[in-house]
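What follows is a single structure, written as structure tokens, with notes after it.
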Amino acid sequence: MPAPVSMENSLLQTMPKQKHRQPTEWQVLLECGAPSTNVDRLADLVQNSFNWPNLLRRAEDHGVVPLVAERLANLDPALIPLEVRARFRESRRAYTACNLQMTAELFHVLERFAETGIETLATKGPALSVRCYGDPGMRQYSDLDLVIREKDIRRATQAMLDLTYEPRVPLTAIDAKKIPGEYAFRKPGTHLLVEFHTERTFRYHPRPLHIEKLFERRAFVSIDGRDVPTLSLEDELALICVHGAKHFWERLMWIADVAALISRQAPDWDRAMATACEVGAERILRLGLRLASDLLGAELPTQVEASVRSDRAVSRLAAQIESRLASREPRSIGILQRAAFRVRMRGGLLAGAAYLLRLSLSPTEEDWTPGNEGNRPVFLDAISRPLRLARKHRRRSSS
């Protein structure tokens with residue numbers, strides 16, 4: 001059960017003083033993920049018998065290898081063992097090569113879609129990396145994410161087939177109007193994966209997303225001298241907070257993205273709050289901002305910070321997430337904890353219960369019967385989904 005509010009507030013107030021009790025390698029990750037890294041403090045943390053293998057493992061687990069490598073490059077080389085520097089150089093080289101290939105492929109796909117008259121918006125991936133860090137290679141990502149309209153998905157599928165991609169969602173399911181978690185396409189013989197998101201695949205937005213507003217508010221990010229259409233800054237902020245909440249903020253990378261995005265480019269905060277309100281994600285946004293502030297020192301305007309810190313549910317959830325992230329061996333989140341998190345994220349018991357019920361009964365490709373995706377009625381997929389999720393997360397929490 002959650003701790004009483006008074007106890008919880010006391011814990012939160014003392015957290016900065018207790019940072020030295022956290023694992024040292026976790027403190028290094030936090031310093032590397034912060035928008036403004038304190039180089040002197042970072043140097044102090046890696047002195048003496050620092051556990052470098054554990055740092056390498058946790059940096060990979062949390063998706064922040066490029067950030068850690070970049071920050072450590074500013075330290076005296078004598079502080080970092082030769083083999084560790086070699087590992088980071090090798091990792092950076094591999095990520096850079098991969099990201100260059102994926103960025104080139106993004107241009108290729110966008111050009112093809114422009115020729116076919118399909119409007120697209122890039123999200124996450126290299127576009128977010130440029131927005132957050134000024135470099136398309138500073139984020140770890142394994143796919144390209146594009147937003148399109150649901151009505152264009154069949155034409156988009158054909159365009160991807162023309163580009164020699166293979167759909168991971170069966171064409172029979174697409175033609176039957178079944179909605180996957182995302183429309184994924186992989187190019188055979190490569191690691192290239194492109195995922196399309198529509199107004200109907202954004203299940204984790206508490207209220208339906210108005211996709212036309214995303215296109216009306218679009219912005220452009222310059223990548224290697226090319227203007228790439230992307231979400232507005234405020235829409236991107238809401239989306240990455242929803243994405244982080246979808247995955248229970250289990251990776252520091254997602255929090256670092258929020259911190260970097262709001263630190264590098266100041267959002268229109270009224271518009272950001274209104275954008276989150278449109279999709280019922282006010283508390284989701286507040287939690288993302290709270291984590292970015294608490295863990296990575298992201299600065300919030302006074303009024304925004306007051307709103308974030310006055311939400312008691314956000315305080316409880318942030319304390320739980322921060323404690324779990326700092327743990328050397330965090331346990332899997334159980335099915336009941338997941339359900340409670342979803343309810344609290346929506347705000348209000350009835351609204352939260354309705355949100356949880358909708359997510360529990362919204363089947364994705366994991367719930368379809370293999371080989372029969374286009375024929376099985378959706379309601380059968382829906383009623384089997386809760387049972388599959390219960391089995392899946394019961395196994396994870398017991399492992």
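Naming works like this for the structure tokens: A, B, ... for the chains as they're shown, residue 1 at the start of each chain, ligands 1 onward in shown order.
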
Segment 312-363 of chain A residues near segment 304-308 of chain A within 9 Å, closest pair each, using only C-alpha atoms, as JSON lines:
{"residue": "A:Arg312", "atom": "CA", "partner": "A:Val308", "partner_atom": "CA", "distance": 9.0}
{"residue": "A:Val314", "atom": "CA", "partner": "A:Val308", "partner_atom": "CA", "distance": 7.5}
{"residue": "A:Ser315", "atom": "CA", "partner": "A:Val308", "partner_atom": "CA", "distance": 8.5}

Alpha helix (DSSP H) per DSSP on the backbone: members of segment 245-331 of chain A, as a ChimeraX atom specification: /A:245-246,252-264,269-278,282-296,302-309,312-326

Pick out the residues sitting within 9 Å of Arg112 of chain A, and hand them over as a VMD selection string; count only C-alpha atoms, and ignore anything fewer than 4 positions along from it in its own chain. chain A and resid 107 to 108 116 to 118 159 to 160 163

I'd like the neighbourhood of Thr120 of chain A as a PDB file with all heavy atoms, in the first residue's frame, where a residue qualifies if any of its atoms comes within 10 Å (using only C-alpha atoms), though same-chain residues fewer than 3 positions away should be ignored.
ATOM      1  N   VAL A 109      12.526   7.030 -47.000  1.00  0.00           N
ATOM      2  CA  VAL A 109      11.095   6.747 -46.791  1.00  0.00           C
ATOM      3  C   VAL A 109      10.270   8.022 -46.948  1.00  0.00           C
ATOM      4  O   VAL A 109       9.211   8.021 -47.593  1.00  0.00           O
ATOM      5  CB  VAL A 109      10.872   6.123 -45.398  1.00  0.00           C
ATOM      6  CG1 VAL A 109       9.377   6.021 -45.082  1.00  0.00           C
ATOM      7  CG2 VAL A 109      11.509   4.739 -45.327  1.00  0.00           C
ATOM      8  N   LEU A 110      10.742   9.126 -46.382  1.00  0.00           N
ATOM      9  CA  LEU A 110      10.003  10.385 -46.491  1.00  0.00           C
ATOM     10  C   LEU A 110       9.882  10.828 -47.944  1.00  0.00           C
ATOM     11  O   LEU A 110       8.828  11.345 -48.371  1.00  0.00           O
ATOM     12  CB  LEU A 110      10.684  11.470 -45.654  1.00  0.00           C
ATOM     13  CG  LEU A 110      10.595  11.306 -44.132  1.00  0.00           C
ATOM     14  CD1 LEU A 110      11.382  12.409 -43.427  1.00  0.00           C
ATOM     15  CD2 LEU A 110       9.144  11.323 -43.653  1.00  0.00           C
ATOM     16  N   PHE A 113       7.234   8.698 -49.624  1.00  0.00           N
ATOM     17  CA  PHE A 113       5.884   9.055 -49.198  1.00  0.00           C
ATOM     18  C   PHE A 113       5.457  10.397 -49.768  1.00  0.00           C
ATOM     19  O   PHE A 113       4.278  10.600 -50.088  1.00  0.00           O
ATOM     20  CB  PHE A 113       5.799   9.044 -47.667  1.00  0.00           C
ATOM     21  CG  PHE A 113       5.511   7.684 -47.099  1.00  0.00           C
ATOM     22  CD1 PHE A 113       6.320   6.598 -47.412  1.00  0.00           C
ATOM     23  CD2 PHE A 113       4.422   7.471 -46.267  1.00  0.00           C
ATOM     24  CE1 PHE A 113       6.050   5.338 -46.922  1.00  0.00           C
ATOM     25  CE2 PHE A 113       4.144   6.212 -45.760  1.00  0.00           C
ATOM     26  CZ  PHE A 113       4.964   5.140 -46.098  1.00  0.00           C
ATOM     27  N   ALA A 114       6.388  11.316 -49.905  1.00  0.00           N
ATOM     28  CA  ALA A 114       6.065  12.602 -50.534  1.00  0.00           C
ATOM     29  C   ALA A 114       5.643  12.384 -51.978  1.00  0.00           C
ATOM     30  O   ALA A 114       4.708  13.037 -52.470  1.00  0.00           O
ATOM     31  CB  ALA A 114       7.268  13.541 -50.453  1.00  0.00           C
ATOM     32  N   GLY A 117       2.107  11.194 -52.057  1.00  0.00           N
ATOM     33  CA  GLY A 117       1.121  12.105 -51.489  1.00  0.00           C
ATOM     34  C   GLY A 117       0.629  11.727 -50.111  1.00  0.00           C
ATOM     35  O   GLY A 117      -0.436  12.172 -49.677  1.00  0.00           O
ATOM     36  N   THR A 123       8.636  11.102 -35.388  1.00  0.00           N
ATOM     37  CA  THR A 123       8.640  11.260 -33.938  1.00  0.00           C
ATOM     38  C   THR A 123       9.716  10.350 -33.356  1.00  0.00           C
ATOM     39  O   THR A 123      10.130   9.378 -33.992  1.00  0.00           O
ATOM     40  CB  THR A 123       7.257  10.926 -33.332  1.00  0.00           C
ATOM     41  OG1 THR A 123       7.298  11.147 -31.922  1.00  0.00           O
ATOM     42  CG2 THR A 123       6.866   9.484 -33.592  1.00  0.00           C
ATOM     43  N   ASP A 145      10.162   5.890 -36.246  1.00  0.00           N
ATOM     44  CA  ASP A 145       8.748   6.047 -35.935  1.00  0.00           C
ATOM     45  C   ASP A 145       8.161   7.186 -36.749  1.00  0.00           C
ATOM     46  O   ASP A 145       8.683   8.314 -36.725  1.00  0.00           O
ATOM     47  CB  ASP A 145       8.564   6.336 -34.438  1.00  0.00           C
ATOM     48  CG  ASP A 145       8.964   5.149 -33.579  1.00  0.00           C
ATOM     49  OD1 ASP A 145       8.126   4.242 -33.403  1.00  0.00           O
ATOM     50  OD2 ASP A 145      10.103   5.124 -33.086  1.00  0.00           O
ATOM     51  N   LEU A 146       7.067   6.890 -37.454  1.00  0.00           N
ATOM     52  CA  LEU A 146       6.385   7.888 -38.268  1.00  0.00           C
ATOM     53  C   LEU A 146       4.898   7.884 -37.936  1.00  0.00           C
ATOM     54  O   LEU A 146       4.303   6.823 -37.695  1.00  0.00           O
ATOM     55  CB  LEU A 146       6.579   7.590 -39.756  1.00  0.00           C
ATOM     56  CG  LEU A 146       8.010   7.709 -40.286  1.00  0.00           C
ATOM     57  CD1 LEU A 146       8.109   7.128 -41.687  1.00  0.00           C
ATOM     58  CD2 LEU A 146       8.472   9.157 -40.278  1.00  0.00           C
ATOM     59  N   VAL A 147       4.310   9.061 -37.932  1.00  0.00           N
ATOM     60  CA  VAL A 147       2.879   9.211 -37.686  1.00  0.00           C
ATOM     61  C   VAL A 147       2.185   9.456 -39.022  1.00  0.00           C
ATOM     62  O   VAL A 147       2.611  10.324 -39.801  1.00  0.00           O
ATOM     63  CB  VAL A 147       2.603  10.390 -36.727  1.00  0.00           C
ATOM     64  CG1 VAL A 147       1.102  10.575 -36.515  1.00  0.00           C
ATOM     65  CG2 VAL A 147       3.309  10.171 -35.389  1.00  0.00           C
ATOM     66  N   ILE A 148       1.145   8.677 -39.302  1.00  0.00           N
ATOM     67  CA  ILE A 148       0.329   8.896 -40.500  1.00  0.00           C
ATOM     68  C   ILE A 148      -1.141   8.759 -40.112  1.00  0.00           C
ATOM     69  O   ILE A 148      -1.465   8.343 -38.995  1.00  0.00           O
ATOM     70  CB  ILE A 148       0.668   7.909 -41.643  1.00  0.00           C
ATOM     71  CG1 ILE A 148       0.332   6.475 -41.240  1.00  0.00           C
ATOM     72  CG2 ILE A 148       2.130   8.027 -42.054  1.00  0.00           C
ATOM     73  CD1 ILE A 148       0.464   5.488 -42.390  1.00  0.00           C
ATOM     74  N   ARG A 149      -2.018   9.091 -41.018  1.00  0.00           N
ATOM     75  CA  ARG A 149      -3.450   8.934 -40.780  1.00  0.00           C
ATOM     76  C   ARG A 149      -3.853   7.479 -41.016  1.00  0.00           C
ATOM     77  O   ARG A 149      -3.341   6.829 -41.920  1.00  0.00           O
ATOM     78  CB  ARG A 149      -4.252   9.855 -41.696  1.00  0.00           C
ATOM     79  CG  ARG A 149      -3.980  11.340 -41.492  1.00  0.00           C
ATOM     80  CD  ARG A 149      -4.705  12.162 -42.543  1.00  0.00           C
ATOM     81  NE  ARG A 149      -4.563  13.609 -42.330  1.00  0.00           N
ATOM     82  CZ  ARG A 149      -3.573  14.345 -42.838  1.00  0.00           C
ATOM     83  NH1 ARG A 149      -2.620  13.760 -43.597  1.00  0.00           N
ATOM     84  NH2 ARG A 149      -3.521  15.648 -42.603  1.00  0.00           N
ATOM     85  N   ASP A 152      -4.690   6.281 -44.460  1.00  0.00           N
ATOM     86  CA  ASP A 152      -3.605   6.131 -45.429  1.00  0.00           C
ATOM     87  C   ASP A 152      -2.810   4.844 -45.246  1.00  0.00           C
ATOM     88  O   ASP A 152      -1.838   4.608 -45.978  1.00  0.00           O
ATOM     89  CB  ASP A 152      -2.634   7.317 -45.325  1.00  0.00           C
ATOM     90  CG  ASP A 152      -3.232   8.618 -45.834  1.00  0.00           C
ATOM     91  OD1 ASP A 152      -4.076   8.535 -46.750  1.00  0.00           O
ATOM     92  OD2 ASP A 152      -2.857   9.683 -45.323  1.00  0.00           O
ATOM     93  N   ALA A 156       0.174   3.340 -47.477  1.00  0.00           N
ATOM     94  CA  ALA A 156       1.504   3.335 -46.869  1.00  0.00           C
ATOM     95  C   ALA A 156       2.116   1.939 -46.918  1.00  0.00           C
ATOM     96  O   ALA A 156       3.318   1.782 -47.162  1.00  0.00           O
ATOM     97  CB  ALA A 156       1.403   3.812 -45.417  1.00  0.00           C
ATOM     98  N   PHE A 196       4.823   2.613 -38.098  1.00  0.00           N
ATOM     99  CA  PHE A 196       3.855   3.676 -38.345  1.00  0.00           C
ATOM    100  C   PHE A 196       2.820   3.682 -37.224  1.00  0.00           C
ATOM    101  O   PHE A 196       2.337   2.626 -36.792  1.00  0.00           O
ATOM    102  CB  PHE A 196       3.163   3.475 -39.698  1.00  0.00           C
ATOM    103  CG  PHE A 196       4.078   3.660 -40.866  1.00  0.00           C
ATOM    104  CD1 PHE A 196       4.739   2.580 -41.436  1.00  0.00           C
ATOM    105  CD2 PHE A 196       4.320   4.930 -41.384  1.00  0.00           C
ATOM    106  CE1 PHE A 196       5.601   2.747 -42.503  1.00  0.00           C
ATOM    107  CE2 PHE A 196       5.185   5.105 -42.448  1.00  0.00           C
ATOM    108  CZ  PHE A 196       5.823   4.019 -43.008  1.00  0.00           C
ATOM    109  N   HIS A 197       2.493   4.891 -36.794  1.00  0.00           N
ATOM    110  CA  HIS A 197       1.497   5.079 -35.738  1.00  0.00           C
ATOM    111  C   HIS A 197       0.367   5.942 -36.302  1.00  0.00           C
ATOM    112  O   HIS A 197       0.618   6.939 -36.994  1.00  0.00           O
ATOM    113  CB  HIS A 197       2.129   5.764 -34.527  1.00  0.00           C
ATOM    114  CG  HIS A 197       3.371   5.075 -34.038  1.00  0.00           C
ATOM    115  ND1 HIS A 197       3.351   4.074 -33.089  1.00  0.00           N
ATOM    116  CD2 HIS A 197       4.681   5.226 -34.385  1.00  0.00           C
ATOM    117  CE1 HIS A 197       4.582   3.643 -32.875  1.00  0.00           C
ATOM    118  NE2 HIS A 197       5.410   4.341 -33.650  1.00  0.00           N
ATOM    119  N   PHE A 215      -1.112  17.322 -37.387  1.00  0.00           N
ATOM    120  CA  PHE A 215      -0.639  17.807 -38.686  1.00  0.00           C
ATOM    121  C   PHE A 215      -0.756  19.329 -38.783  1.00  0.00           C
ATOM    122  O   PHE A 215       0.103  19.979 -39.385  1.00  0.00           O
ATOM    123  CB  PHE A 215      -1.404  17.108 -39.811  1.00  0.00           C
ATOM    124  CG  PHE A 215      -0.924  15.724 -40.091  1.00  0.00           C
ATOM    125  CD1 PHE A 215      -1.543  14.625 -39.516  1.00  0.00           C
ATOM    126  CD2 PHE A 215       0.174  15.504 -40.906  1.00  0.00           C
ATOM    127  CE1 PHE A 215      -1.090  13.330 -39.759  1.00  0.00           C
ATOM    128  CE2 PHE A 215       0.639  14.220 -41.158  1.00  0.00           C
ATOM    129  CZ  PHE A 215       0.008  13.129 -40.580  1.00  0.00           C
ATOM    130  N   ARG A 218       2.227  20.888 -36.915  1.00  0.00           N
ATOM    131  CA  ARG A 218       3.526  20.293 -37.242  1.00  0.00           C
ATOM    132  C   ARG A 218       4.651  21.322 -37.203  1.00  0.00           C
ATOM    133  O   ARG A 218       4.441  22.531 -37.386  1.00  0.00           O
ATOM    134  CB  ARG A 218       3.470  19.620 -38.610  1.00  0.00           C
ATOM    135  CG  ARG A 218       3.714  20.555 -39.781  1.00  0.00           C
ATOM    136  CD  ARG A 218       3.503  19.869 -41.106  1.00  0.00           C
ATOM    137  NE  ARG A 218       2.088  19.677 -41.400  1.00  0.00           N
ATOM    138  CZ  ARG A 218       1.616  18.922 -42.385  1.00  0.00           C
ATOM    139  NH1 ARG A 218       2.447  18.266 -43.165  1.00  0.00           N
ATOM    140  NH2 ARG A 218       0.332  18.826 -42.593  1.00  0.00           N
ATOM    141  N   VAL A 228      12.901  17.970 -41.779  1.00  0.00           N
ATOM    142  CA  VAL A 228      12.076  16.783 -41.570  1.00  0.00           C
ATOM    143  C   VAL A 228      10.800  17.191 -40.842  1.00  0.00           C
ATOM    144  O   VAL A 228      10.866  17.812 -39.772  1.00  0.00           O
ATOM    145  CB  VAL A 228      12.852  15.735 -40.742  1.00  0.00           C
ATOM    146  CG1 VAL A 228      11.951  14.561 -40.352  1.00  0.00           C
ATOM    147  CG2 VAL A 228      14.070  15.242 -41.524  1.00  0.00           C
ATOM    148  N   PRO A 229       9.620  16.858 -41.394  1.00  0.00           N
ATOM    149  CA  PRO A 229       8.366  17.197 -40.709  1.00  0.00           C
ATOM    150  C   PRO A 229       8.209  16.359 -39.445  1.00  0.00           C
ATOM    151  O   PRO A 229       8.414  15.135 -39.461  1.00  0.00           O
ATOM    152  CB  PRO A 229       7.289  16.840 -41.748  1.00  0.00           C
ATOM    153  CG  PRO A 229       7.922  15.801 -42.612  1.00  0.00           C
ATOM    154  CD  PRO A 229       9.385  16.129 -42.661  1.00  0.00           C
ATOM    155  N   THR A 230       7.865  17.012 -38.373  1.00  0.00           N
ATOM    156  CA  THR A 230       7.751  16.314 -37.095  1.00  0.00           C
ATOM    157  C   THR A 230       6.649  16.944 -36.257  1.00  0.00           C
ATOM    158  O   THR A 230       6.018  17.930 -36.665  1.00  0.00           O
ATOM    159  CB  THR A 230       9.094  16.343 -36.352  1.00  0.00           C
ATOM    160  OG1 THR A 230       9.022  15.508 -35.193  1.00  0.00           O
ATOM    161  CG2 THR A 230       9.478  17.743 -35.938  1.00  0.00           C
ATOM    162  N   LEU A 231       6.413  16.371 -35.100  1.00  0.00           N
ATOM    163  CA  LEU A 231       5.403  16.920 -34.201  1.00  0.00           C
ATOM    164  C   LEU A 231       5.854  18.277 -33.668  1.00  0.00           C
ATOM    165  O   LEU A 231       7.054  18.567 -33.600  1.00  0.00           O
ATOM    166  CB  LEU A 231       5.179  15.977 -33.012  1.00  0.00           C
ATOM    167  CG  LEU A 231       4.774  14.532 -33.309  1.00  0.00           C
ATOM    168  CD1 LEU A 231       4.654  13.750 -32.000  1.00  0.00           C
ATOM    169  CD2 LEU A 231       3.475  14.480 -34.079  1.00  0.00           C
TER     170      LEU A 231
END

List every residue of segment 213-346 of chain A that DSSP, applied to the backbone of this structure, places in strand (DSSP E), and write the result as a list in words.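 Strand (DSSP E) members of segment 213-346 of chain A, listed: Ala219, Phe220, Val221, Ser222, Ile223, Arg226, Asp227, Val228, Pro229 and Thr230 of chain A.
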
Write the selection just made, keeping N, CA and C atoms, as a PDB file, in the first residue's frame?
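See selection32.pdb below for the written result:
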ATOM      1  N   ALA A 219       5.832  20.810 -36.992  1.00  0.00           N
ATOM      2  CA  ALA A 219       7.048  21.631 -37.011  1.00  0.00           C
ATOM      3  C   ALA A 219       8.055  20.926 -37.910  1.00  0.00           C
ATOM      4  N   PHE A 220       9.232  21.527 -38.041  1.00  0.00           N
ATOM      5  CA  PHE A 220      10.285  20.915 -38.857  1.00  0.00           C
ATOM      6  C   PHE A 220      11.591  20.929 -38.075  1.00  0.00           C
ATOM      7  N   VAL A 221      12.316  19.825 -38.180  1.00  0.00           N
ATOM      8  CA  VAL A 221      13.624  19.708 -37.546  1.00  0.00           C
ATOM      9  C   VAL A 221      14.659  19.511 -38.640  1.00  0.00           C
ATOM     10  N   SER A 222      15.732  20.262 -38.578  1.00  0.00           N
ATOM     11  CA  SER A 222      16.792  20.152 -39.582  1.00  0.00           C
ATOM     12  C   SER A 222      17.749  19.022 -39.198  1.00  0.00           C
ATOM     13  N   ILE A 223      17.836  18.022 -40.059  1.00  0.00           N
ATOM     14  CA  ILE A 223      18.758  16.902 -39.856  1.00  0.00           C
ATOM     15  C   ILE A 223      19.664  16.815 -41.082  1.00  0.00           C
ATOM     16  N   ARG A 226      18.485  18.836 -43.982  1.00  0.00           N
ATOM     17  CA  ARG A 226      17.154  18.579 -44.539  1.00  0.00           C
ATOM     18  C   ARG A 226      16.095  18.863 -43.486  1.00  0.00           C
ATOM     19  N   ASP A 227      15.020  19.480 -43.921  1.00  0.00           N
ATOM     20  CA  ASP A 227      13.914  19.767 -43.012  1.00  0.00           C
ATOM     21  C   ASP A 227      12.979  18.564 -42.943  1.00  0.00           C
ATOM     22  N   VAL A 228      12.901  17.970 -41.779  1.00  0.00           N
ATOM     23  CA  VAL A 228      12.076  16.783 -41.570  1.00  0.00           C
ATOM     24  C   VAL A 228      10.800  17.191 -40.842  1.00  0.00           C
ATOM     25  N   PRO A 229       9.620  16.858 -41.394  1.00  0.00           N
ATOM     26  CA  PRO A 229       8.366  17.197 -40.709  1.00  0.00           C
ATOM     27  C   PRO A 229       8.209  16.359 -39.445  1.00  0.00           C
ATOM     28  N   THR A 230       7.865  17.012 -38.373  1.00  0.00           N
ATOM     29  CA  THR A 230       7.751  16.314 -37.095  1.00  0.00           C
ATOM     30  C   THR A 230       6.649  16.944 -36.257  1.00  0.00           C
TER      31      THR A 230
END

Looking at only C-alpha atoms, which of A:Glu60, A:Pro136, A:Ala73, A:Pro363 is the one that sits closest to Arg200 of chain A?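 With only C-alpha atoms as the atom set, the closest residue is A:Pro363.
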
List the neighbours of Leu45 of chain A out to 9 Å using only C-alpha atoms; skip same-chain residues closer than 3 positions along the sequence, and give me the result as a ChimeraX atom specification. /A:24-25,27-28,40-42,48,50

Deliver the residues from the most recent selection as a file, using C-alpha atoms, as a compact mmCIF listing (two decimals), in the first residue's frame.
# COMPACT_ATOMS: atom_id res chain seq x y z
CA THR A 24 27.60 5.10 -7.22
CA GLU A 25 27.18 3.88 -10.81
CA GLN A 27 24.69 8.48 -9.57
CA VAL A 28 27.07 8.53 -12.54
CA ASP A 40 33.86 17.90 -11.16
CA ARG A 41 31.23 15.80 -9.41
CA LEU A 42 31.39 13.22 -12.18
CA ASN A 48 39.08 4.71 -6.61
CA PHE A 50 34.51 2.39 -9.16

Smallest atom-to-atom distance to Glu366 of chain A: which of A:Ile179, A:Leu349, A:Val65, A:Ala86, using only C-alpha atoms?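 Closest candidate: A:Ile179.
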
Counting only C-alpha atoms, what are the residues of segment 11-128 of chain A within 9 Å of segment 259-272 of chain A, and for each of them which pair of atoms is the nearest and at what distance in Å, to one decimal? Sort the table by chain and rising number, as a Markdown table.
| residue | atom | partner | partner_atom | distance |
| --- | --- | --- | --- | --- |
| A:Gly33 | CA | A:Ala259 | CA | 8.5 |
| A:Ala34 | CA | A:Ala259 | CA | 7.2 |
| A:Pro35 | CA | A:Ala260 | CA | 5.5 |
| A:Leu128 | CA | A:Leu261 | CA | 8.2 |

Can you work out which one of A:Ala274, A:Val46, A:Ala256, A:Ala281 has the shortest atom-to-atom distance to Asp294 of chain A, counting only C-alpha atoms?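 That would be A:Ala256, the residue with the smallest distance to Asp294 of chain A.
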
Do you know which residues are at most 12 Å from Glu150 of chain A counting only C-alpha atoms, after dropping those on the same chain fewer than 4 positions away, and could you put them as an MDAnalysis selection string? chainID A and resid 118:120 154:157 174 177:180 182:183 196:202 209:212

Let me see the file: selected residues, N, CA and C atoms, as a short mmCIF file (atom, residue, chain, number, x, y, z; two decimals), in the first residue's frame.
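Full text of again_3.cif as output:
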data_model
loop_
_atom_site.label_atom_id
_atom_site.label_comp_id
_atom_site.auth_asym_id
_atom_site.auth_seq_id
_atom_site.Cartn_x
_atom_site.Cartn_y
_atom_site.Cartn_z
N ILE A 118 1.41 10.93 -49.37
CA ILE A 118 1.04 10.55 -48.01
C ILE A 118 1.80 11.44 -47.03
N GLU A 119 1.06 12.20 -46.22
CA GLU A 119 1.69 13.08 -45.24
C GLU A 119 2.18 12.26 -44.05
N THR A 120 3.38 12.60 -43.59
CA THR A 120 3.97 11.89 -42.46
C THR A 120 4.58 12.89 -41.49
N ARG A 154 -3.25 1.65 -45.86
CA ARG A 154 -3.12 0.67 -46.94
C ARG A 154 -2.18 1.19 -48.03
N ARG A 155 -2.28 2.48 -48.35
CA ARG A 155 -1.36 3.06 -49.34
C ARG A 155 0.06 3.07 -48.80
N ALA A 156 0.17 3.34 -47.48
CA ALA A 156 1.50 3.33 -46.87
C ALA A 156 2.12 1.94 -46.92
N THR A 157 1.28 0.93 -46.71
CA THR A 157 1.76 -0.45 -46.78
C THR A 157 2.30 -0.75 -48.17
N ILE A 174 -4.55 -6.20 -41.95
CA ILE A 174 -4.69 -4.80 -42.35
C ILE A 174 -5.95 -4.61 -43.17
N LYS A 177 -9.08 -4.45 -41.28
CA LYS A 177 -9.16 -3.27 -40.42
C LYS A 177 -8.83 -3.56 -38.96
N LYS A 178 -8.05 -4.61 -38.71
CA LYS A 178 -7.60 -4.85 -37.35
C LYS A 178 -6.48 -3.88 -37.01
N ILE A 179 -6.43 -3.46 -35.76
CA ILE A 179 -5.48 -2.43 -35.36
C ILE A 179 -4.38 -3.05 -34.50
N PRO A 180 -3.14 -3.05 -34.98
CA PRO A 180 -2.02 -3.58 -34.18
C PRO A 180 -1.52 -2.54 -33.19
N GLU A 182 1.40 -1.23 -33.51
CA GLU A 182 1.93 -0.32 -34.50
C GLU A 182 2.06 -1.10 -35.79
N TYR A 183 2.10 -0.40 -36.90
CA TYR A 183 2.29 -1.04 -38.19
C TYR A 183 3.79 -1.09 -38.47
N PHE A 196 4.82 2.61 -38.10
CA PHE A 196 3.86 3.68 -38.35
C PHE A 196 2.82 3.68 -37.22
N HIS A 197 2.49 4.89 -36.79
CA HIS A 197 1.50 5.08 -35.74
C HIS A 197 0.37 5.94 -36.30
N THR A 198 -0.85 5.56 -35.98
CA THR A 198 -2.02 6.31 -36.43
C THR A 198 -2.84 6.70 -35.22
N GLU A 199 -3.90 7.46 -35.46
CA GLU A 199 -4.77 7.87 -34.35
C GLU A 199 -5.36 6.67 -33.61
N ARG A 200 -5.40 5.50 -34.28
CA ARG A 200 -6.00 4.33 -33.65
C ARG A 200 -4.98 3.43 -32.93
N THR A 201 -3.70 3.62 -33.20
CA THR A 201 -2.70 2.81 -32.50
C THR A 201 -2.19 3.50 -31.23
N PHE A 202 -2.51 4.77 -31.04
CA PHE A 202 -2.07 5.47 -29.83
C PHE A 202 -3.00 5.11 -28.66
N LEU A 209 -6.74 10.58 -29.71
CA LEU A 209 -5.87 11.64 -30.22
C LEU A 209 -6.46 12.19 -31.53
N HIS A 210 -6.53 13.51 -31.64
CA HIS A 210 -7.04 14.16 -32.85
C HIS A 210 -5.87 14.35 -33.81
N ILE A 211 -5.73 13.44 -34.73
CA ILE A 211 -4.52 13.43 -35.55
C ILE A 211 -4.42 14.64 -36.46
N GLU A 212 -5.57 15.19 -36.88
CA GLU A 212 -5.50 16.38 -37.74
C GLU A 212 -4.84 17.54 -37.02
#

Find the spatial neighbours of Pro377 of chain A, counting only C-alpha atoms, within a cut-off of 12 Å - ignore same-chain residues fewer than 6 positions away - and output them as an MDAnalysis selection string. chainID A and resid 173 176:178 363 367:369 383:384
